[in-house]
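A.B. asks: Data file target_23.pdb (PDB, C-alpha atoms and all ligand atoms) is appended below.
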```
ATOM      1  CA  MET E   1    -113.732-160.550  21.639
ATOM      2  CA  THR E   2    -115.524-157.401  22.767
ATOM      3  CA  ARG E   3    -115.537-154.183  20.802
ATOM      4  CA  GLU E   4    -112.972-152.760  23.246
ATOM      5  CA  GLU E   5    -110.721-155.791  22.765
ATOM      6  CA  ILE E   6    -110.931-155.469  18.980
ATOM      7  CA  LEU E   7    -109.834-151.845  19.305
ATOM      8  CA  SER E   8    -107.043-152.502  21.804
ATOM      9  CA  THR E   9    -105.683-155.353  19.665
ATOM     10  CA  THR E  10    -105.678-152.979  16.694
ATOM     11  CA  VAL E  11    -103.954-150.233  18.707
ATOM     12  CA  ALA E  12    -101.194-152.659  19.735
ATOM     13  CA  PHE E  13    -100.719-153.819  16.126
ATOM     14  CA  VAL E  14    -100.556-150.277  14.743
ATOM     15  CA  LYS E  15     -98.105-149.109  17.429
ATOM     16  CA  GLN E  16     -95.810-151.978  16.634
ATOM     17  CA  GLN E  17     -96.073-151.467  12.843
ATOM     18  CA  LEU E  18     -95.296-147.748  13.114
ATOM     19  CA  ALA E  19     -92.496-148.039  15.659
ATOM     20  CA  GLU E  20     -89.862-146.925  13.126
ATOM     21  CA  THR E  21     -91.833-144.220  11.326
ATOM     22  CA  GLU E  22     -90.797-140.538  11.166
ATOM     23  CA  SER E  23     -92.763-138.373  13.532
ATOM     24  CA  GLY E  24     -95.268-136.869  11.051
ATOM     25  CA  HIS E  25     -96.773-140.322  10.664
ATOM     26  CA  ASN E  26     -96.089-142.008  13.942
ATOM     27  CA  TRP E  27     -98.507-143.435  16.467
ATOM     28  CA  PHE E  28     -99.342-139.952  17.760
ATOM     29  CA  HIS E  29    -100.642-138.945  14.303
ATOM     30  CA  ILE E  30    -102.844-142.044  14.313
ATOM     31  CA  GLU E  31    -104.029-141.304  17.843
ATOM     32  CA  ARG E  32    -105.003-137.729  16.880
ATOM     33  CA  VAL E  33    -106.828-138.935  13.762
ATOM     34  CA  TRP E  34    -108.600-141.541  15.908
ATOM     35  CA  ARG E  35    -109.707-138.804  18.346
ATOM     36  CA  ASN E  36    -110.817-136.517  15.507
ATOM     37  CA  THR E  37    -112.748-139.436  14.042
ATOM     38  CA  LYS E  38    -114.677-139.995  17.279
ATOM     39  CA  LEU E  39    -115.361-136.266  17.573
ATOM     40  CA  ILE E  40    -116.726-135.975  14.013
ATOM     41  CA  ALA E  41    -118.527-139.324  14.083
ATOM     42  CA  ALA E  42    -120.581-138.216  17.092
ATOM     43  CA  ASN E  43    -122.579-136.052  14.654
ATOM     44  CA  GLU E  44    -122.684-138.464  11.715
ATOM     45  CA  PRO E  45    -124.770-141.559  11.019
ATOM     46  CA  VAL E  46    -121.853-143.977  10.819
ATOM     47  CA  ASP E  47    -120.828-147.399  12.047
ATOM     48  CA  LEU E  48    -118.413-146.146  14.686
ATOM     49  CA  LEU E  49    -116.351-149.344  14.845
ATOM     50  CA  VAL E  50    -115.723-149.223  11.076
ATOM     51  CA  ALA E  51    -114.666-145.582  11.321
ATOM     52  CA  GLU E  52    -112.413-146.210  14.322
ATOM     53  CA  LEU E  53    -110.722-149.204  12.695
ATOM     54  CA  GLY E  54    -110.294-147.188   9.500
ATOM     55  CA  ALA E  55    -108.674-144.345  11.463
ATOM     56  CA  LEU E  56    -106.350-146.720  13.306
ATOM     57  CA  LEU E  57    -105.254-148.534  10.148
ATOM     58  CA  HIS E  58    -105.277-145.634   7.658
ATOM     59  CA  ASP E  59    -101.505-145.054   7.512
ATOM     60  CA  ILE E  60    -100.411-148.585   8.262
ATOM     61  CA  ALA E  61     -97.964-148.459   5.338
ATOM     62  CA  ASP E  62     -97.608-145.018   3.756
ATOM     63  CA  SER E  63     -96.650-145.362   0.078
ATOM     64  CA  LYS E  64     -94.154-142.483   0.493
ATOM     65  CA  PHE E  65     -92.062-144.855   2.558
ATOM     66  CA  HIS E  66     -92.646-147.917   0.393
ATOM     67  CA  GLN E  67     -91.338-146.713  -2.980
ATOM     68  CA  GLY E  68     -94.762-145.356  -3.907
ATOM     69  CA  ASP E  69     -96.428-148.780  -3.575
ATOM     70  CA  GLU E  70    -100.015-148.020  -2.620
ATOM     71  CA  THR E  71    -101.094-151.645  -2.264
ATOM     72  CA  ILE E  72     -99.068-152.481   0.861
ATOM     73  CA  GLY E  73    -101.260-150.520   3.322
ATOM     74  CA  PRO E  74    -104.591-152.076   2.271
ATOM     75  CA  ALA E  75    -102.989-155.543   2.031
ATOM     76  CA  THR E  76    -101.460-155.218   5.520
ATOM     77  CA  ALA E  77    -104.810-154.052   6.928
ATOM     78  CA  ALA E  78    -106.682-156.903   5.199
ATOM     79  CA  LEU E  79    -104.321-159.533   6.575
ATOM     80  CA  PHE E  80    -104.561-158.090  10.072
ATOM     81  CA  LEU E  81    -108.377-157.918   9.967
ATOM     82  CA  LYS E  82    -108.553-161.597   8.987
ATOM     83  CA  GLY E  83    -107.262-162.374  12.465
ATOM     84  CA  LEU E  84    -110.056-160.420  14.139
ATOM     85  CA  PRO E  85    -113.641-161.544  14.743
ATOM     86  CA  VAL E  86    -115.133-158.953  12.394
ATOM     87  CA  ASP E  87    -117.342-160.047   9.513
ATOM     88  CA  GLU E  88    -116.156-159.868   5.943
ATOM     89  CA  THR E  89    -118.359-156.907   5.000
ATOM     90  CA  MET E  90    -116.870-154.875   7.825
ATOM     91  CA  ALA E  91    -113.302-155.933   7.011
ATOM     92  CA  THR E  92    -113.804-155.033   3.322
ATOM     93  CA  HIS E  93    -115.204-151.646   4.290
ATOM     94  CA  VAL E  94    -112.223-150.875   6.542
ATOM     95  CA  VAL E  95    -109.782-151.938   3.808
ATOM     96  CA  ASN E  96    -111.603-149.648   1.376
ATOM     97  CA  ILE E  97    -111.152-146.753   3.791
ATOM     98  CA  VAL E  98    -107.409-147.464   3.974
ATOM     99  CA  LYS E  99    -107.252-147.754   0.183
ATOM    100  CA  HIS E 100    -109.157-144.572  -0.609
ATOM    101  CA  ILE E 101    -108.366-142.184   2.211
ATOM    102  CA  SER E 102    -105.653-140.281   0.421
ATOM    103  CA  PHE E 103    -107.708-139.634  -2.697
ATOM    104  CA  LYS E 104    -106.358-136.296  -3.866
ATOM    105  CA  GLY E 105    -109.086-135.165  -6.254
ATOM    106  CA  GLY E 106    -107.903-134.162  -9.711
ATOM    107  CA  ASN E 107    -108.645-136.334 -12.714
ATOM    108  CA  GLU E 108    -108.766-139.704 -10.996
ATOM    109  CA  GLU E 109    -112.271-140.869 -10.324
ATOM    110  CA  GLN E 110    -113.153-141.636  -6.722
ATOM    111  CA  VAL E 111    -114.349-145.228  -6.954
ATOM    112  CA  PHE E 112    -115.380-145.791  -3.358
ATOM    113  CA  SER E 113    -117.268-143.587  -0.961
ATOM    114  CA  SER E 114    -119.027-144.102   2.356
ATOM    115  CA  PRO E 115    -120.012-141.955   5.345
ATOM    116  CA  GLU E 116    -117.290-143.717   7.382
ATOM    117  CA  LEU E 117    -114.613-142.874   4.783
ATOM    118  CA  ALA E 118    -115.860-139.271   4.738
ATOM    119  CA  VAL E 119    -115.391-139.030   8.511
ATOM    120  CA  VAL E 120    -111.906-140.570   8.600
ATOM    121  CA  GLN E 121    -110.780-138.503   5.615
ATOM    122  CA  ASP E 122    -111.876-135.323   7.417
ATOM    123  CA  ALA E 123    -110.165-136.490  10.612
ATOM    124  CA  ASP E 124    -106.900-137.061   8.712
ATOM    125  CA  ARG E 125    -107.140-133.711   6.902
ATOM    126  CA  LEU E 126    -107.696-131.875  10.188
ATOM    127  CA  ASP E 127    -104.341-133.195  11.390
ATOM    128  CA  ALA E 128    -102.664-131.554   8.376
ATOM    129  CA  ILE E 129    -103.898-128.046   9.270
ATOM    130  CA  GLY E 130    -103.851-125.737  12.291
ATOM    131  CA  ALA E 131    -101.018-125.719  14.824
ATOM    132  CA  ILE E 132    -100.352-129.434  14.414
ATOM    133  CA  GLY E 133    -100.445-129.126  10.636
ATOM    134  CA  ILE E 134     -97.855-126.335  10.754
ATOM    135  CA  ALA E 135     -95.569-128.422  12.964
ATOM    136  CA  ARG E 136     -95.955-131.458  10.708
ATOM    137  CA  ALA E 137     -95.245-129.456   7.559
ATOM    138  CA  PHE E 138     -91.991-127.991   8.893
ATOM    139  CA  HIS E 139     -91.024-131.335  10.293
ATOM    140  CA  TYR E 140     -91.599-133.017   6.951
ATOM    141  CA  GLY E 141     -89.745-130.235   5.137
ATOM    142  CA  GLY E 142     -86.785-130.677   7.487
ATOM    143  CA  PHE E 143     -86.875-134.433   6.963
ATOM    144  CA  LYS E 144     -86.597-133.678   3.215
ATOM    145  CA  ASN E 145     -83.919-131.034   3.797
ATOM    146  CA  ARG E 146     -86.066-128.208   2.448
ATOM    147  CA  GLU E 147     -85.772-124.492   3.218
ATOM    148  CA  ILE E 148     -88.461-123.048   5.467
ATOM    149  CA  TYR E 149     -89.062-120.150   3.075
ATOM    150  CA  ASP E 150     -87.551-118.527   0.000
ATOM    151  CA  PRO E 151     -89.320-115.412  -1.332
ATOM    152  CA  ALA E 152     -87.925-116.130  -4.816
ATOM    153  CA  VAL E 153     -89.585-119.547  -5.106
ATOM    154  CA  LEU E 154     -93.277-119.102  -5.833
ATOM    155  CA  PRO E 155     -95.930-121.717  -5.062
ATOM    156  CA  ASN E 156     -96.805-123.935  -8.014
ATOM    157  CA  LEU E 157    -100.310-125.329  -8.145
ATOM    158  CA  GLU E 158     -99.745-127.205 -11.392
ATOM    159  CA  MET E 159     -97.343-129.898 -10.214
ATOM    160  CA  THR E 160     -98.127-133.564 -10.789
ATOM    161  CA  LYS E 161     -98.116-135.892  -7.786
ATOM    162  CA  GLU E 162     -94.667-137.165  -8.797
ATOM    163  CA  GLU E 163     -93.170-133.678  -9.281
ATOM    164  CA  TYR E 164     -94.652-132.623  -5.981
ATOM    165  CA  LYS E 165     -93.067-135.504  -4.129
ATOM    166  CA  ASN E 166     -89.636-134.740  -5.557
ATOM    167  CA  SER E 167     -89.918-130.983  -5.301
ATOM    168  CA  GLN E 168     -87.349-129.167  -3.158
ATOM    169  CA  ALA E 169     -89.651-126.163  -2.773
ATOM    170  CA  PRO E 170     -89.604-124.471   0.636
ATOM    171  CA  THR E 171     -92.160-125.572   3.220
ATOM    172  CA  ILE E 172     -94.098-122.280   3.175
ATOM    173  CA  ASN E 173     -95.122-123.153  -0.377
ATOM    174  CA  HIS E 174     -96.837-126.283   0.926
ATOM    175  CA  PHE E 175     -99.361-124.033   2.679
ATOM    176  CA  TYR E 176    -100.516-122.584  -0.664
ATOM    177  CA  GLU E 177    -100.220-125.824  -2.593
ATOM    178  CA  LYS E 178    -102.125-127.941  -0.096
ATOM    179  CA  LEU E 179    -102.812-126.877   3.473
ATOM    180  CA  LEU E 180    -104.883-123.747   2.765
ATOM    181  CA  LEU E 181    -106.975-125.697   0.244
ATOM    182  CA  LEU E 182    -108.086-128.409   2.674
ATOM    183  CA  LYS E 183    -110.838-126.361   4.335
ATOM    184  CA  GLU E 184    -112.834-126.479   1.090
ATOM    185  CA  ARG E 185    -112.409-130.210   0.782
ATOM    186  CA  MET E 186    -114.005-131.222   4.069
ATOM    187  CA  ASN E 187    -116.833-133.732   3.758
ATOM    188  CA  THR E 188    -118.773-133.277   6.994
ATOM    189  CA  ALA E 189    -120.307-130.250   8.733
ATOM    190  CA  THR E 190    -118.346-130.903  11.954
ATOM    191  CA  GLY E 191    -115.126-131.325   9.973
ATOM    192  CA  LYS E 192    -115.751-128.040   8.135
ATOM    193  CA  LYS E 193    -116.365-126.173  11.348
ATOM    194  CA  ILE E 194    -113.158-127.354  13.003
ATOM    195  CA  ALA E 195    -111.261-126.799   9.760
ATOM    196  CA  GLU E 196    -112.373-123.175   9.587
ATOM    197  CA  ALA E 197    -110.878-122.368  12.991
ATOM    198  CA  ARG E 198    -107.650-124.165  12.162
ATOM    199  CA  HIS E 199    -107.525-122.424   8.782
ATOM    200  CA  ARG E 200    -107.760-118.990  10.396
ATOM    201  CA  PHE E 201    -104.946-119.960  12.732
ATOM    202  CA  MET E 202    -102.729-120.793   9.726
ATOM    203  CA  GLU E 203    -103.594-117.486   8.051
ATOM    204  CA  ASP E 204    -102.664-115.589  11.222
ATOM    205  CA  TYR E 205     -99.498-117.635  11.487
ATOM    206  CA  LEU E 206     -98.466-116.775   7.919
ATOM    207  CA  GLN E 207     -99.079-113.088   8.506
ATOM    208  CA  GLN E 208     -96.925-113.166  11.614
ATOM    209  CA  PHE E 209     -94.284-115.193   9.740
ATOM    210  CA  TYR E 210     -93.957-112.620   6.933
ATOM    211  CA  GLY E 211     -94.021-109.786   9.461
ATOM    212  CA  GLU E 212     -91.102-111.301  11.332
ATOM    213  CA  TRP E 213     -89.311-112.197   8.082
ATOM    214  CA  ASN E 214     -89.472-108.585   6.932
ATOM    215  CA  GLY E 215     -88.535-107.137  10.300
ATOM    216  CA  GLU E 216     -91.910-105.487  10.694
ATOM    217  CA  CYS E 217     -93.005-106.973  13.992
TER     218      CYS E 217
HETATM  219  P1  LIG E 301    -101.518-137.545   5.725
HETATM  220  O1  LIG E 301    -100.828-138.690   6.336
HETATM  221  O2  LIG E 301    -102.010-136.580   6.758
HETATM  222  O3  LIG E 301    -102.571-137.953   4.756
HETATM  223  P2  LIG E 301     -99.308-136.871   3.903
HETATM  224  O4  LIG E 301     -98.805-138.246   3.981
HETATM  225  O5  LIG E 301     -99.600-136.313   2.554
HETATM  226  O6  LIG E 301    -100.565-136.635   4.853
HETATM  227  O7  LIG E 301     -98.287-135.908   4.611
HETATM  228  C1  LIG E 301     -97.902-136.066   5.946
HETATM  229  C2  LIG E 301     -97.552-134.726   6.559
HETATM  230  O8  LIG E 301     -96.452-134.164   5.859
HETATM  231  C3  LIG E 301     -98.705-133.725   6.440
HETATM  232  O9  LIG E 301     -98.798-132.953   7.596
HETATM  233  C4  LIG E 301     -98.307-132.891   5.248
HETATM  234  O10 LIG E 301     -98.789-131.578   5.302
HETATM  235  C5  LIG E 301     -96.803-132.923   5.317
HETATM  236  N1  LIG E 301     -96.260-132.777   3.975
HETATM  237  C6  LIG E 301     -96.506-133.537   2.890
HETATM  238  N2  LIG E 301     -95.886-133.045   1.792
HETATM  239  C7  LIG E 301     -95.236-131.937   2.227
HETATM  240  C8  LIG E 301     -94.407-130.943   1.609
HETATM  241  N3  LIG E 301     -94.133-130.989   0.309
HETATM  242  N4  LIG E 301     -93.911-129.942   2.387
HETATM  243  C9  LIG E 301     -94.186-129.876   3.692
HETATM  244  N5  LIG E 301     -94.967-130.762   4.345
HETATM  245  C10 LIG E 301     -95.472-131.775   3.628
HETATM  246 NI    NI E 302    -102.670-139.843   8.017
END
```
Taking this structure as input, can you express it in the form of structure tokens?
Ligand code: ADP
Ligand code: NI

C.D. replies:
Amino acid sequence: MTREEILSTTVAFVKQQLAETESGHNWFHIERVWRNTKLIAANEPVDLLVAELGALLHDIADSKFHQGDETIGPATAALFLKGLPVDETMATHVVNIVKHISFKGGNEEQVFSSPELAVVQDADRLDAIGAIGIARAFHYGGFKNREIYDPAVLPNLEMTKEEYKNSQAPTINHFYEKLLLLKERMNTATGKKIAEARHRFMEDYLQQFYGEWNGEC
């Protein structure tokens, strides 16, 4: 199998696995993260195939849609990779990317790191900010039946992961609780640069949003 065949086999598998997923996490999210990965990786000393496979498989089974079970994604990726002619070191590395990509910081210790994980993590975070990030946030909020905004409900930066998941807070709060913080969490120089532009776009968006809300523009 050539490199291209390995990738196209993976694309076909991921498309089929995600066929039923809500649109914040569908194939198009994966495709954007894959593109971002190639863009960032061009400036980083990484094994591009590892990074691309990591990007393609990173949301293969989101724990949000599997009763919080975080082992299904890595296990699904591992099983799939067994059927490909990639050596065990590479397969293990890709599975580690899938396992550790959504590391949220906080008190848990990050047990795995690699330049390839850093690239894919940045690529995934970029898709949560900017114009796409805004669309995904409101889409997710709608999926969860949340208000777009409520001036009486203030952002809460102290929530645990569990509280956050079950919170009915309006979607605007998500900007302060997560999206506007991502710029500072980027791993790579290219990721940071793209994140800064997307961050400014979100700030402008919020200003316009409040202006319209208050009948000022
Ligand atoms: P990713 O797959 O990019 O790692 P998540 O699975 O955490 O991200 O979330 C998927 C999308 O849903 C992201 O765009 C994220 O901003 C959005 N999202 C997650 N939680 C919320 C929330 N509480 N309110 C609004 N949007 C959310
Ligand atoms: Ni993702």

A.B. asks: Can you list what the PyMOL selection byres (((chain E and resi 152) around 12) and not hetatm) grabs from this structure, as a PyMOL selection string?

C.D. replies: chain E and resi 147+149-151+153-155+169-170+172-173

A.B. asks: For the residues in that selection, give me C-alpha atoms as a PDB file, in the coordinates of the input.

C.D. replies:
```
ATOM      1  CA  GLU E 147     -85.772-124.492   3.218  1.00  0.00           C
ATOM      2  CA  TYR E 149     -89.062-120.150   3.075  1.00  0.00           C
ATOM      3  CA  ASP E 150     -87.551-118.527   0.000  1.00  0.00           C
ATOM      4  CA  PRO E 151     -89.320-115.412  -1.332  1.00  0.00           C
ATOM      5  CA  VAL E 153     -89.585-119.547  -5.106  1.00  0.00           C
ATOM      6  CA  LEU E 154     -93.277-119.102  -5.833  1.00  0.00           C
ATOM      7  CA  PRO E 155     -95.930-121.717  -5.062  1.00  0.00           C
ATOM      8  CA  ALA E 169     -89.651-126.163  -2.773  1.00  0.00           C
ATOM      9  CA  PRO E 170     -89.604-124.471   0.636  1.00  0.00           C
ATOM     10  CA  ILE E 172     -94.098-122.280   3.175  1.00  0.00           C
ATOM     11  CA  ASN E 173     -95.122-123.153  -0.377  1.00  0.00           C
TER      12      ASN E 173
END
```

A.B. asks: Out of E:Lys15, E:His29, E:Arg198, E:Lys193, which residue has the shortest atom-to-atom distance to ligand LIG 301 (chain E) when counting only C-alpha atoms and all ligand atoms?

C.D. replies: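 When distances to ligand LIG 301 (chain E) are compared using only C-alpha atoms and all ligand atoms, the smallest one comes from E:His29.
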
A.B. asks: Please give me, as a PyMOL selection string, the residues lying within 6 Å of ligand LIG 301 (chain E) when counting all atoms listed in the file.

C.D. replies: chain E and resi 24+102+124-125+128+133+136-138+140-141+171+174

A.B. asks: For the provided coordinates, the residues matched by the PyMOL selection byres (((chain E and resi 186) around 10) and not hetatm) should be stated as a list in words.

C.D. replies: Ala118, Val119, Gln121, Asp122, Ala123, Arg125, Leu126, Leu181, Leu182, Lys183, Glu184, Arg185, Asn187, Thr188, Ala189, Thr190, Gly191, Lys192, Lys193, Ile194, Ala195 and Glu196 of chain E

A.B. asks: Residues contacting ligand NI 302 (chain E) - anything with an atom at most 12 Å away, using all atoms listed in the file - can you give me those as a compact mmCIF listing (two decimals) with C-alpha atoms, in the coordinates of the input?

C.D. replies:
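Output file part.txt is given in full below:
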```
# COMPACT_ATOMS: atom_id res chain seq x y z
CA LEU E 18 -95.30 -147.75 13.11
CA SER E 23 -92.76 -138.37 13.53
CA GLY E 24 -95.27 -136.87 11.05
CA HIS E 25 -96.77 -140.32 10.66
CA ASN E 26 -96.09 -142.01 13.94
CA TRP E 27 -98.51 -143.44 16.47
CA PHE E 28 -99.34 -139.95 17.76
CA HIS E 29 -100.64 -138.94 14.30
CA ILE E 30 -102.84 -142.04 14.31
CA GLU E 31 -104.03 -141.30 17.84
CA ARG E 32 -105.00 -137.73 16.88
CA VAL E 33 -106.83 -138.94 13.76
CA TRP E 34 -108.60 -141.54 15.91
CA ASN E 36 -110.82 -136.52 15.51
CA THR E 37 -112.75 -139.44 14.04
CA GLY E 54 -110.29 -147.19 9.50
CA ALA E 55 -108.67 -144.34 11.46
CA LEU E 56 -106.35 -146.72 13.31
CA LEU E 57 -105.25 -148.53 10.15
CA HIS E 58 -105.28 -145.63 7.66
CA ASP E 59 -101.50 -145.05 7.51
CA ILE E 60 -100.41 -148.58 8.26
CA ALA E 61 -97.96 -148.46 5.34
CA ASP E 62 -97.61 -145.02 3.76
CA SER E 63 -96.65 -145.36 0.08
CA LYS E 64 -94.15 -142.48 0.49
CA GLY E 73 -101.26 -150.52 3.32
CA ILE E 97 -111.15 -146.75 3.79
CA VAL E 98 -107.41 -147.46 3.97
CA HIS E 100 -109.16 -144.57 -0.61
CA ILE E 101 -108.37 -142.18 2.21
CA SER E 102 -105.65 -140.28 0.42
CA PHE E 103 -107.71 -139.63 -2.70
CA VAL E 120 -111.91 -140.57 8.60
CA GLN E 121 -110.78 -138.50 5.62
CA ASP E 122 -111.88 -135.32 7.42
CA ALA E 123 -110.16 -136.49 10.61
CA ASP E 124 -106.90 -137.06 8.71
CA ARG E 125 -107.14 -133.71 6.90
CA LEU E 126 -107.70 -131.88 10.19
CA ASP E 127 -104.34 -133.20 11.39
CA ALA E 128 -102.66 -131.55 8.38
CA ILE E 129 -103.90 -128.05 9.27
CA GLY E 133 -100.44 -129.13 10.64
CA ARG E 136 -95.96 -131.46 10.71
```

A.B. asks: Find, counting all atoms listed in the file, the residue in E:Ser114, E:Ser167, E:Asn214, E:Gln207 that gets nearest to Glu44 (chain E).

C.D. replies: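 Closest to Glu44 (chain E), using all atoms listed in the file: E:Ser114.
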
A.B. asks: One decimal, Å: what's the distance from CA of Leu117 (chain E) over to CA of Asn166 (chain E), could you say?

C.D. replies: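 Pair CA of Leu117 (chain E) / CA of Asn166 (chain E) returns 28.2 Å.
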
A.B. asks: Mind pulling up the distance from CA of Ile148 (chain E) to CA of Tyr210 (chain E)?

C.D. replies: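 The value is 11.9 Å.
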
A.B. asks: CA of Val11 (chain E) to CA of Gly142 (chain E): how many Å, to one decimal?

C.D. replies: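 Pair CA of Val11 (chain E) / CA of Gly142 (chain E) returns 28.3 Å.
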
A.B. asks: Select, from E:Leu84, E:Ala78, E:Leu180, E:Leu206, the residue with the minimum atom-to-atom distance to Asn96 (chain E), counting all atoms listed in the file.

C.D. replies: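 Between E:Leu84, E:Ala78, E:Leu180, E:Leu206, the residue approaching Asn96 (chain E) most closely is E:Ala78.
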
A.B. asks: Report as a list in words all protein, DNA and RNA residues lying within 9 Å of Tyr205 (chain E), evaluated on all atoms listed in the file, omitting residues in the same chain fewer than 5 positions from it.

C.D. replies: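 Contacts, with the query itself left out: Ala131, Ile134, Arg200 and Tyr210 of chain E.
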
A.B. asks: Here's the selection I'm unsure about, the PyMOL selection byres (((chain E and resi 157) around 9) and not hetatm); applied to the file above, which residues does it give, as number ranges by chain?

C.D. replies: E: 155-156, 158-160, 176-178

A.B. asks: For a quick check of understanding, using all atoms listed in the file, which of E:Phe209, E:Glu116, E:Phe80, E:Ala197 has the smallest distance to Ala12 (chain E)?

C.D. replies: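 Once distances to Ala12 (chain E) are computed over all atoms listed in the file, the minimum belongs to E:Phe80.
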